[in-house]
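Asker: Structure: input-v6.cif, mmCIF, C-alpha atoms.
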data_structure
loop_
_atom_site.group_PDB
_atom_site.id
_atom_site.type_symbol
_atom_site.label_atom_id
_atom_site.label_comp_id
_atom_site.auth_asym_id
_atom_site.auth_seq_id
_atom_site.Cartn_x
_atom_site.Cartn_y
_atom_site.Cartn_z
ATOM 1 C CA MET A 27 -17.131 19.910 15.639
ATOM 2 C CA ASN A 28 -15.770 22.827 17.682
ATOM 3 C CA VAL A 29 -13.000 24.791 15.942
ATOM 4 C CA LEU A 30 -10.692 27.301 17.654
ATOM 5 C CA VAL A 31 -8.515 29.402 15.355
ATOM 6 C CA PHE A 32 -5.913 31.274 17.398
ATOM 7 C CA ASP A 33 -3.043 33.720 17.139
ATOM 8 C CA ILE A 34 -0.761 35.342 19.692
ATOM 9 C CA GLU A 35 1.263 38.545 19.918
ATOM 10 C CA THR A 36 4.379 38.790 22.044
ATOM 11 C CA VAL A 37 6.916 41.273 23.375
ATOM 12 C CA PRO A 38 10.333 40.740 24.972
ATOM 13 C CA ASP A 39 10.205 39.171 28.438
ATOM 14 C CA LEU A 40 12.139 41.942 30.144
ATOM 15 C CA GLU A 41 12.153 40.270 33.557
ATOM 16 C CA GLY A 42 13.502 37.075 32.017
ATOM 17 C CA GLY A 43 16.103 38.984 30.045
ATOM 18 C CA ARG A 44 17.335 40.764 33.161
ATOM 19 C CA ARG A 45 17.553 37.437 34.993
ATOM 20 C CA LEU A 46 19.360 35.530 32.238
ATOM 21 C CA PHE A 47 21.693 38.240 30.937
ATOM 22 C CA GLY A 48 22.464 40.308 34.029
ATOM 23 C CA LEU A 49 20.628 43.400 32.845
ATOM 24 C CA ASP A 50 19.403 44.599 36.236
ATOM 25 C CA GLY A 51 19.096 48.355 36.572
ATOM 26 C CA LEU A 52 18.334 49.079 32.929
ATOM 27 C CA LYS A 53 15.127 50.802 31.889
ATOM 28 C CA ASP A 54 12.613 48.729 29.923
ATOM 29 C CA ALA A 55 13.542 50.152 26.517
ATOM 30 C CA ASP A 56 17.260 49.714 27.218
ATOM 31 C CA THR A 57 16.688 46.144 28.435
ATOM 32 C CA ALA A 58 14.836 45.286 25.228
ATOM 33 C CA ASP A 59 17.561 46.900 23.119
ATOM 34 C CA ALA A 60 20.212 44.880 24.955
ATOM 35 C CA MET A 61 18.254 41.650 24.426
ATOM 36 C CA PHE A 62 17.882 42.391 20.716
ATOM 37 C CA HIS A 63 21.590 43.233 20.462
ATOM 38 C CA LEU A 64 22.627 39.980 22.158
ATOM 39 C CA ARG A 65 20.336 38.020 19.877
ATOM 40 C CA ARG A 66 21.777 39.703 16.762
ATOM 41 C CA GLN A 67 25.263 38.753 17.921
ATOM 42 C CA GLU A 68 24.105 35.162 18.360
ATOM 43 C CA SER A 69 22.022 34.648 15.227
ATOM 44 C CA GLY A 70 22.316 37.645 12.921
ATOM 45 C CA ASN A 71 18.747 38.808 13.602
ATOM 46 C CA ASP A 72 16.906 40.210 16.608
ATOM 47 C CA PHE A 73 14.076 37.656 16.745
ATOM 48 C CA LEU A 74 14.247 36.524 20.362
ATOM 49 C CA ARG A 75 14.223 32.866 21.329
ATOM 50 C CA LEU A 76 10.739 31.581 22.073
ATOM 51 C CA HIS A 77 11.132 31.238 25.848
ATOM 52 C CA LEU A 78 11.829 34.979 26.023
ATOM 53 C CA GLN A 79 8.629 35.942 24.166
ATOM 54 C CA ARG A 80 6.077 37.305 26.645
ATOM 55 C CA VAL A 81 2.463 36.824 25.529
ATOM 56 C CA VAL A 82 0.436 40.051 25.569
ATOM 57 C CA THR A 83 -2.506 39.074 23.349
ATOM 58 C CA ILE A 84 -4.276 35.868 22.357
ATOM 59 C CA SER A 85 -7.052 36.292 19.793
ATOM 60 C CA ALA A 86 -9.471 33.635 18.618
ATOM 61 C CA VAL A 87 -12.173 32.699 16.179
ATOM 62 C CA TYR A 88 -14.408 30.049 17.742
ATOM 63 C CA ARG A 89 -16.943 28.118 15.706
ATOM 64 C CA SER A 90 -19.477 25.728 17.213
ATOM 65 C CA GLN A 91 -22.154 24.425 14.856
ATOM 66 C CA ASP A 92 -23.586 27.541 13.141
ATOM 67 C CA LYS A 93 -22.219 30.077 15.639
ATOM 68 C CA VAL A 94 -18.962 32.014 15.155
ATOM 69 C CA ALA A 95 -17.330 34.365 17.683
ATOM 70 C CA VAL A 96 -14.232 36.567 17.298
ATOM 71 C CA TRP A 97 -12.498 38.111 20.287
ATOM 72 C CA SER A 98 -9.279 38.640 22.205
ATOM 73 C CA LEU A 99 -9.036 36.761 25.483
ATOM 74 C CA GLY A 100 -9.169 38.757 28.698
ATOM 75 C CA ASP A 101 -8.919 42.518 28.483
ATOM 76 C CA GLU A 102 -6.197 45.127 28.130
ATOM 77 C CA LYS A 103 -5.317 44.792 31.827
ATOM 78 C CA SER A 104 -5.020 40.988 31.833
ATOM 79 C CA ASP A 105 -1.580 39.670 32.752
ATOM 80 C CA GLU A 106 0.161 36.888 30.866
ATOM 81 C CA LYS A 107 -0.868 34.121 33.264
ATOM 82 C CA THR A 108 -4.540 35.074 32.942
ATOM 83 C CA LEU A 109 -4.362 34.965 29.134
ATOM 84 C CA LEU A 110 -2.747 31.524 29.240
ATOM 85 C CA GLU A 111 -5.315 30.223 31.701
ATOM 86 C CA LYS A 112 -8.183 31.450 29.534
ATOM 87 C CA PHE A 113 -6.740 29.863 26.403
ATOM 88 C CA PHE A 114 -6.147 26.456 27.944
ATOM 89 C CA HIS A 115 -9.498 26.572 29.738
ATOM 90 C CA LEU A 116 -11.165 26.664 26.306
ATOM 91 C CA ILE A 117 -9.312 23.481 25.387
ATOM 92 C CA ASP A 118 -10.093 21.747 28.685
ATOM 93 C CA ARG A 119 -13.771 22.615 28.403
ATOM 94 C CA PHE A 120 -14.546 22.194 24.693
ATOM 95 C CA SER A 121 -11.719 20.044 23.217
ATOM 96 C CA PRO A 122 -11.799 22.074 19.986
ATOM 97 C CA THR A 123 -9.831 21.408 16.859
ATOM 98 C CA LEU A 124 -7.069 24.030 16.892
ATOM 99 C CA VAL A 125 -6.170 25.924 13.715
ATOM 100 C CA SER A 126 -3.201 28.272 13.364
ATOM 101 C CA TRP A 127 -0.736 29.810 10.935
ATOM 102 C CA ASN A 128 2.744 28.741 12.072
ATOM 103 C CA GLY A 129 1.303 27.593 15.388
ATOM 104 C CA SER A 130 3.641 24.585 15.466
ATOM 105 C CA GLY A 131 6.704 26.718 14.856
ATOM 106 C CA PHE A 132 5.857 29.671 17.076
ATOM 107 C CA ASP A 133 2.552 30.084 18.913
ATOM 108 C CA LEU A 134 2.255 26.723 20.649
ATOM 109 C CA PRO A 135 5.921 26.402 21.707
ATOM 110 C CA VAL A 136 5.709 29.928 23.155
ATOM 111 C CA LEU A 137 2.532 28.958 25.027
ATOM 112 C CA HIS A 138 4.280 25.825 26.333
ATOM 113 C CA TYR A 139 7.282 27.700 27.709
ATOM 114 C CA ARG A 140 5.254 30.537 29.185
ATOM 115 C CA SER A 141 2.789 28.123 30.798
ATOM 116 C CA MET A 142 5.675 26.314 32.460
ATOM 117 C CA LEU A 143 6.926 29.647 33.763
ATOM 118 C CA HIS A 144 3.536 30.498 35.286
ATOM 119 C CA GLY A 145 2.511 26.988 36.377
ATOM 120 C CA VAL A 146 -0.520 26.855 34.070
ATOM 121 C CA ALA A 147 -1.764 23.299 33.523
ATOM 122 C CA CYS A 148 -4.077 21.841 30.882
ATOM 123 C CA PRO A 149 -4.530 18.067 31.247
ATOM 124 C CA ARG A 150 -6.692 17.839 28.125
ATOM 125 C CA TYR A 151 -4.125 19.531 25.917
ATOM 126 C CA TRP A 152 -1.246 17.329 27.084
ATOM 127 C CA ASP A 153 -3.195 14.058 27.040
ATOM 128 C CA THR A 154 -1.792 11.441 24.654
ATOM 129 C CA GLY A 155 -4.144 8.641 25.664
ATOM 130 C CA ASN A 156 -3.593 8.143 29.375
ATOM 131 C CA ASP A 157 -6.841 9.896 30.379
ATOM 132 C CA ASP A 158 -8.861 9.525 27.177
ATOM 133 C CA LYS A 159 -7.974 6.514 25.021
ATOM 134 C CA ASN A 160 -9.171 8.330 21.885
ATOM 135 C CA PHE A 161 -6.310 10.795 22.372
ATOM 136 C CA LYS A 162 -3.790 8.017 21.790
ATOM 137 C CA TRP A 163 -4.648 8.117 18.096
ATOM 138 C CA ASN A 164 -5.527 11.792 17.729
ATOM 139 C CA ASN A 165 -4.151 14.435 20.089
ATOM 140 C CA TYR A 166 -2.844 17.999 20.116
ATOM 141 C CA LEU A 167 0.849 17.118 20.289
ATOM 142 C CA SER A 168 1.578 14.573 17.567
ATOM 143 C CA ARG A 169 2.598 16.148 14.276
ATOM 144 C CA TYR A 170 0.340 14.166 11.963
ATOM 145 C CA HIS A 171 -2.735 14.097 14.183
ATOM 146 C CA GLU A 172 -5.701 16.360 13.491
ATOM 147 C CA ARG A 173 -6.542 18.122 16.749
ATOM 148 C CA HIS A 174 -4.199 20.905 15.676
ATOM 149 C CA THR A 175 -3.909 22.019 12.047
ATOM 150 C CA ASP A 176 -1.032 24.376 11.297
ATOM 151 C CA LEU A 177 -2.179 25.720 7.933
ATOM 152 C CA MET A 178 1.208 27.167 6.991
ATOM 153 C CA ASP A 179 2.951 23.870 7.677
ATOM 154 C CA LEU A 180 0.269 21.757 6.008
ATOM 155 C CA LEU A 181 -0.005 23.819 2.811
ATOM 156 C CA ALA A 182 3.793 23.753 2.473
ATOM 157 C CA LEU A 183 3.795 19.960 2.963
ATOM 158 C CA TYR A 184 6.052 20.441 6.016
ATOM 159 C CA ASN A 185 8.796 21.961 3.835
ATOM 160 C CA ASN A 186 10.115 25.230 5.252
ATOM 161 C CA ARG A 187 11.310 26.310 1.791
ATOM 162 C CA ALA A 188 7.649 26.428 0.741
ATOM 163 C CA TYR A 189 6.362 28.539 3.656
ATOM 164 C CA VAL A 190 4.223 31.567 2.763
ATOM 165 C CA PRO A 191 3.521 34.639 4.968
ATOM 166 C CA LEU A 192 -0.087 34.785 6.128
ATOM 167 C CA ASP A 193 -0.690 38.345 4.940
ATOM 168 C CA GLN A 194 0.494 37.531 1.418
ATOM 169 C CA MET A 195 -1.607 34.373 1.176
ATOM 170 C CA ALA A 196 -4.650 36.195 2.523
ATOM 171 C CA SER A 197 -4.164 39.084 0.096
ATOM 172 C CA LEU A 198 -3.815 36.683 -2.854
ATOM 173 C CA LEU A 199 -7.155 35.185 -1.887
ATOM 174 C CA GLY A 200 -8.785 38.618 -1.702
ATOM 175 C CA PHE A 201 -8.830 38.946 2.086
ATOM 176 C CA PRO A 202 -7.537 41.984 4.050
ATOM 177 C CA GLY A 203 -3.984 40.870 4.895
ATOM 178 C CA LYS A 204 -2.082 43.229 7.189
ATOM 179 C CA MET A 205 -4.054 46.252 8.381
ATOM 180 C CA GLY A 206 -2.260 49.065 10.195
ATOM 181 C CA MET A 207 0.396 47.039 12.013
ATOM 182 C CA SER A 208 2.839 44.172 11.604
ATOM 183 C CA GLY A 209 4.570 41.834 14.004
ATOM 184 C CA ASP A 210 7.780 43.856 14.091
ATOM 185 C CA LYS A 211 5.839 46.905 15.323
ATOM 186 C CA VAL A 212 4.187 45.183 18.293
ATOM 187 C CA TRP A 213 6.957 46.005 20.771
ATOM 188 C CA ASP A 214 6.876 49.697 19.883
ATOM 189 C CA ALA A 215 3.065 49.724 20.210
ATOM 190 C CA PHE A 216 3.279 47.943 23.566
ATOM 191 C CA HIS A 217 5.925 50.358 24.800
ATOM 192 C CA ARG A 218 3.553 53.220 23.912
ATOM 193 C CA GLY A 219 0.747 51.522 25.854
ATOM 194 C CA ASP A 220 -1.308 50.734 22.743
ATOM 195 C CA LEU A 221 -2.729 47.371 23.849
ATOM 196 C CA LYS A 222 -5.933 48.048 21.949
ATOM 197 C CA GLY A 223 -4.005 48.434 18.707
ATOM 198 C CA ILE A 224 -2.182 45.155 19.340
ATOM 199 C CA ARG A 225 -5.417 43.321 20.124
ATOM 200 C CA ASP A 226 -7.077 44.730 16.993
ATOM 201 C CA TYR A 227 -4.090 43.661 14.885
ATOM 202 C CA CYS A 228 -4.110 40.154 16.386
ATOM 203 C CA GLU A 229 -7.827 39.808 15.671
ATOM 204 C CA THR A 230 -7.166 40.792 12.045
ATOM 205 C CA ASP A 231 -4.530 38.062 11.784
ATOM 206 C CA VAL A 232 -6.746 35.410 13.320
ATOM 207 C CA LEU A 233 -9.622 36.413 11.030
ATOM 208 C CA ASN A 234 -7.300 36.100 8.022
ATOM 209 C CA THR A 235 -6.340 32.624 9.224
ATOM 210 C CA TRP A 236 -10.002 31.682 9.579
ATOM 211 C CA LEU A 237 -10.791 32.965 6.076
ATOM 212 C CA VAL A 238 -7.831 31.149 4.530
#
Could I get this structure in the form of structure tokens?

Answerer:
Amino acid sequence: MNVLVFDIETVPDLEGGRRLFGLDGLKDADTADAMFHLRRQESGNDFLRLHLQRVVTISAVYRSQDKVAVWSLGDEKSDEKTLLEKFFHLIDRFSPTLVSWNGSGFDLPVLHYRSMLHGVACPRYWDTGNDDKNFKWNNYLSRYHERHTDLMDLLALYNNRAYVPLDQMASLLGFPGKMGMSGDKVWDAFHRGDLKGIRDYCETDVLNTWLV
């Protein structure tokens, strides 16, 4: 069985924010601040809605038989569309079992919205049995099927009151947990041009998921 553990890191979609909220003419930092401010007014926190999360890193652990590889897709110059294409190409080619931590609540919905924006298709991922009859009974989209395992959701028995942060669960089990960065620091690191730091952090998270 092929297994693909994955994790993404995102920053505010500044172009989308300017388009939706009339923020033309603002510098990048000011645009992000305005988007966070509008979100705080709406919800009480500055966690942007998923369609306004721009993907800047996708990291993976891929296991096939006795071989394991860890890497971040593309390189530091890869644009969002390229990262999405590379991720879904892995699914189209290998049909792996996907494993994530909160992938159902965050990573995959973000990838859906951003793929729509860029016109990135993946027939294998979206198949529910029309192309491959086996996918009628086990596909990537149905909640209780097994082609995607969201570990956070599963371990909590689909009860959001029982959710546990990945870094805390990993640390309890004796694994590294957070190392040098956290999700709320990604935008600042991106704004400084530290893509390498973001990719390293994302690889740490995906390795923690694999170990858990």

Asker: Tell me, in Å to one decimal, how far atom CA of Tyr88 of chain A is from atom CA of Leu109 of chain A.

Answerer: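 Distance between the two atoms: 16.0 Å.
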
Asker: For the atom pair atom CA of Ala215 of chain A and atom CA of Glu68 of chain A, what is the interatomic distance in Å to one decimal place?

Answerer: 25.7 Å

Asker: Determine the nearest neighbour of Leu78 of chain A from the options A:Tyr139, A:Ser90, A:Val96, A:Gly131, counting only C-alpha atoms.

Answerer: A:Tyr139

Asker: If you measure from atom CA of Cys228 of chain A to atom CA of Lys93 of chain A, what distance in Å do you get, rounded to one decimal?

Answerer: 20.7 Å

Asker: What do you get, as a count of residues only, if you spell out every residue that the PyMOL selection byres ((chain A and resi 120) around 10) selects here?

Answerer: 15

Asker: Applied to this file, what does the PyMOL selection byres ((chain A and resi 230) around 9) return in terms of residues, put as a short mmCIF file (atom, residue, chain, number, x, y, z; two decimals) with C-alpha atoms, in the frame of the given file?

Answerer:
data_model
loop_
_atom_site.label_atom_id
_atom_site.label_comp_id
_atom_site.auth_asym_id
_atom_site.auth_seq_id
_atom_site.Cartn_x
_atom_site.Cartn_y
_atom_site.Cartn_z
CA SER A 85 -7.05 36.29 19.79
CA PRO A 202 -7.54 41.98 4.05
CA GLY A 203 -3.98 40.87 4.89
CA LYS A 204 -2.08 43.23 7.19
CA MET A 205 -4.05 46.25 8.38
CA ARG A 225 -5.42 43.32 20.12
CA ASP A 226 -7.08 44.73 16.99
CA TYR A 227 -4.09 43.66 14.88
CA CYS A 228 -4.11 40.15 16.39
CA GLU A 229 -7.83 39.81 15.67
CA ASP A 231 -4.53 38.06 11.78
CA VAL A 232 -6.75 35.41 13.32
CA LEU A 233 -9.62 36.41 11.03
CA ASN A 234 -7.30 36.10 8.02
CA THR A 235 -6.34 32.62 9.22
#

Asker: Counting all atoms listed in the file, which residue out of A:Tyr170, A:Phe161, A:Trp127, A:Phe216 sits closest to Asp193 of chain A?

Answerer: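 Among A:Tyr170, A:Phe161, A:Trp127, A:Phe216, it is A:Trp127 that comes nearest to Asp193 of chain A.
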
Asker: If the PyMOL selection byres ((chain A and resi 108) around 12) were run on this exact file, what residues would it hold? Put them as a PDB file with C-alpha atoms, in the coordinates of the input.

Answerer:
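selection_25.pdb, written as the output of this step:
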ATOM      1  CA  VAL A  81       2.463  36.824  25.529  1.00  0.00           C
ATOM      2  CA  VAL A  82       0.436  40.051  25.569  1.00  0.00           C
ATOM      3  CA  THR A  83      -2.506  39.074  23.349  1.00  0.00           C
ATOM      4  CA  ILE A  84      -4.276  35.868  22.357  1.00  0.00           C
ATOM      5  CA  LEU A  99      -9.036  36.761  25.483  1.00  0.00           C
ATOM      6  CA  GLY A 100      -9.169  38.757  28.698  1.00  0.00           C
ATOM      7  CA  ASP A 101      -8.919  42.518  28.483  1.00  0.00           C
ATOM      8  CA  GLU A 102      -6.197  45.127  28.130  1.00  0.00           C
ATOM      9  CA  LYS A 103      -5.317  44.792  31.827  1.00  0.00           C
ATOM     10  CA  SER A 104      -5.020  40.988  31.833  1.00  0.00           C
ATOM     11  CA  ASP A 105      -1.580  39.670  32.752  1.00  0.00           C
ATOM     12  CA  GLU A 106       0.161  36.888  30.866  1.00  0.00           C
ATOM     13  CA  LYS A 107      -0.868  34.121  33.264  1.00  0.00           C
ATOM     14  CA  LEU A 109      -4.362  34.965  29.134  1.00  0.00           C
ATOM     15  CA  LEU A 110      -2.747  31.524  29.240  1.00  0.00           C
ATOM     16  CA  GLU A 111      -5.315  30.223  31.701  1.00  0.00           C
ATOM     17  CA  LYS A 112      -8.183  31.450  29.534  1.00  0.00           C
ATOM     18  CA  PHE A 113      -6.740  29.863  26.403  1.00  0.00           C
ATOM     19  CA  PHE A 114      -6.147  26.456  27.944  1.00  0.00           C
ATOM     20  CA  HIS A 115      -9.498  26.572  29.738  1.00  0.00           C
ATOM     21  CA  ARG A 140       5.254  30.537  29.185  1.00  0.00           C
ATOM     22  CA  SER A 141       2.789  28.123  30.798  1.00  0.00           C
ATOM     23  CA  HIS A 144       3.536  30.498  35.286  1.00  0.00           C
ATOM     24  CA  GLY A 145       2.511  26.988  36.377  1.00  0.00           C
ATOM     25  CA  VAL A 146      -0.520  26.855  34.070  1.00  0.00           C
TER      26      VAL A 146
END

Asker: Find, counting all atoms listed in the file, the residue in A:Trp213, A:Val190, A:Gly155, A:Ser208 that gets nearest to Phe62 of chain A.

Answerer: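 Closest to Phe62 of chain A of all the choices is A:Trp213.
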
Asker: May I ask which of the residues A:Leu180, A:Met61, A:Leu134, A:Met142 is the closest one to Ile34 of chain A, counting only C-alpha atoms?

Answerer: A:Leu134

Asker: Neighbouring residues of segment 42-56 of chain A were defined as those with any atom within 12 Å, considering all atoms listed in the file; residues of the same chain fewer than 3 positions away were excluded. Please report them as a VMD selection string.

Answerer: chain A and resid 37 to 39 59 to 65 74 to 80 140 143 213 to 214 216 to 218
